[in-house]
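As structure tokens, the structure follows; a few thoughts come after it.
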Amino acid sequence: MLKQIAQDFFCQKFPGFRFYGTLTANAQHERFARWLLGGLLRGDRTSLAEAITLIESSNPAKQLKAQKLLNLVLENENEKVAREGPKAFSFRIGISGPPGAGKSTFLEAIGMHLLGKGHKVGCLTVDPSSRITGGSLLGDKTRMPNLSKDHRAFIRPSPTCGILGGVTRTTSDSINLVEAAGFDVVFVETVGSGQNEYVVADMTDIFVVIISPGAGDELQAMKRGIMELSHVVIVNKSDGDLIPAARRTQGEYISALKFMTPENTHWKPKVIRVSSVTGEGIPECWDLFQKFRETAISSDEFVKRRSAQSTMRMWRFIEEHLQSSFKSNSTVQAMRRGIEEAVSSGRITSSAGALLLIDAFREDPCR
Ligand SMILES: Nc1nc2c(ncn2[C@@H]2O[C@H](COP(=O)(O)OP(=O)(O)OP(=O)(O)O)[C@@H](O)[C@H]2O)c(=O)[nH]1
Ligand SMILES: [Mg+2]
């Protein structure tokens, strides 16, 4: 009893102090998670960065701590929503679009606009392709010079490659951490390359596609499914000589969207023009986002979408986790080349090759 009082005293007095001596590993994790949660709830950015690094770690002990922290964050969020109703929800905004469309510049413009309105803004990036290239240019802070310097904004680039459970898990868990630290508007930026849009749309409340003027070819190339996911299409760079082309592009997208099934029965997708450089159209763009949020909340779509996303994400995590354990398994790695060769040369069928690897994985005692 006395020991407990002494420990609590030290931990309160010196927030960074961790009194682990006599605690079980589980209690240590719990205490650490509570200490980090305290930092998050105070809006401490160092704690937030530490919490995100923790959930990105593949170290088993750190993963246990991370799970404790995420549970506490969830409890805290649920209590807040029970107390304050839907206005307690943060606003998660997915931003996608082809490389160079001006996504980061747009985030700088709208982010600064939001800081001016008293919001706290988080920006995360998703780039599963960075696993292949080994690095990402997304989140390039040079395109967000003011936002990245402001303490009311938090910018975090894509997690590095090879993380257990994949980018999806770490990004959606990071969203919860960023929100716990008081950032009430969270942008998730991704490069539009086919698959990423679905990942981002599954973690956000509104999905926005940003394009450049004269992107008629992009319209052809952009998958119908992705257009159907979008609630707002932004034609960026509507400034100077580019204005006529931006108007034309806006018209083309309005026509194209007429023939598509909207994602949300209560919202017809909108196509707007902005200039992230001059700031023209940015306040109207934010008003539109807010209108979407109000419509979604009042029609109950907001909560329904988040619930459906949670279940969908659980399955995505399982898939990512199983795939990464499978591919990194030493038995699978040892057999892989031989079986691939047997399949590609036609000696065995693809399904037989797959089953050989799956059986080897299942029977591996070290898995
Ligand atoms: N004229 C004009 N140029 C813009 C505007 N927004 C962005 N740009 C320019 O477009 C280029 C690309 O901008 P980024 O913000 O880096 O584009 P991005 O979509 O984030 O690019 P990636 O992250 O590489 O996919 C830069 O040279 C910007 O200065 C705009 O509103 N008007
Ligand atoms: Mg960018």
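By convention in this document, the chains of the structure tokens carry letters A, B, ... by their order, each chain's residues are numbered from 1, and ligands are numbered from 1 in the order they are shown.
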Checklist entry - Counting only C-alpha atoms, what is within 8 Å of Ala33 of chain A, bar same-chain residues fewer than 2 positions away, as a list in words? => result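 Counting only C-alpha atoms, the residues come to His29, Glu30, Arg31, Trp35, Leu36, Leu37, Lys65, Ala66, Lys68, Leu69 and Leu72 of chain A.
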Next on the checklist: as a PyMOL selection string, please: every residue in segment 118-367 of chain A that a backbone DSSP assignment puts in strand (DSSP E or B).
Outcome noted: chain A and resi 121-126+153-156+185-190+206-211+232-235+270-273
Checklist entry - Which polymer residues have any atom within 6 Å of an atom of segment 241-252 of chain A, counting only C-alpha atoms, with same-chain residues fewer than 3 positions away left out, as number ranges by chain? => result A: 213-214, 238, 255
Checklist entry - What is the distance, in Å and to one decimal place, between atom CA of Gly43 of chain A and atom CA of Val126 of chain A? => result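 Value for the atom CA of Gly43 of chain A-atom CA of Val126 of chain A distance: 23.2 Å.
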Please identify every residue of chain A that has at least one atom no farther than 9 Å from an atom of ligand 1, counting only C-alpha atoms and all ligand atoms, and for each give the shortest atom pair and the distance in Å to one decimal, arranged by chain then increasing number, as CSV.
residue,atom,partner,partner_atom_place_in_ligand_line,distance
A:Ser96,CA,ligand 1,19 (O),8.1
A:Gly97,CA,ligand 1,19 (O),6.5
A:Pro98,CA,ligand 1,25 (O),6.0
A:Pro99,CA,ligand 1,25 (O),3.2
A:Gly100,CA,ligand 1,21 (O),3.6
A:Ala101,CA,ligand 1,19 (O),4.0
A:Gly102,CA,ligand 1,17 (O),3.2
A:Lys103,CA,ligand 1,19 (O),3.8
A:Ser104,CA,ligand 1,15 (O),3.8
A:Thr105,CA,ligand 1,15 (O),3.7
A:Phe106,CA,ligand 1,6 (N),6.2
A:Leu107,CA,ligand 1,15 (O),8.0
A:Glu108,CA,ligand 1,15 (O),8.5
A:Ser136,CA,ligand 1,23 (O),8.7
A:Leu137,CA,ligand 1,23 (O),6.1
A:Leu138,CA,ligand 1,23 (O),4.6
A:Gly139,CA,ligand 1,23 (O),6.7
A:Asp140,CA,ligand 1,23 (O),6.9
A:Thr142,CA,ligand 1,16 (O),8.5
A:Arg143,CA,ligand 1,15 (O),5.8
A:Met144,CA,ligand 1,15 (O),8.3
A:Glu189,CA,ligand 1,20 (O),8.3
A:Thr190,CA,ligand 1,25 (O),7.5
A:Val191,CA,ligand 1,25 (O),5.3
A:Gly192,CA,ligand 1,25 (O),7.9
A:Ile210,CA,ligand 1,19 (O),7.7
A:Ile211,CA,ligand 1,19 (O),8.2
A:Ser212,CA,ligand 1,5 (C),8.4
A:Val235,CA,ligand 1,31 (O),8.9
A:Asn236,CA,ligand 1,31 (O),5.2
A:Lys237,CA,ligand 1,32 (N),3.4
A:Ser238,CA,ligand 1,31 (O),6.2
A:Asp239,CA,ligand 1,32 (N),6.0
A:Gly240,CA,ligand 1,1 (N),7.4
A:Asp241,CA,ligand 1,1 (N),8.8
A:Leu242,CA,ligand 1,1 (N),7.5
A:Val274,CA,ligand 1,31 (O),6.7
A:Ser275,CA,ligand 1,31 (O),3.6
A:Ser276,CA,ligand 1,31 (O),3.6
A:Val277,CA,ligand 1,31 (O),4.3
A:Thr278,CA,ligand 1,31 (O),6.7
A:Gly279,CA,ligand 1,31 (O),7.6
A:Glu280,CA,ligand 1,31 (O),8.6
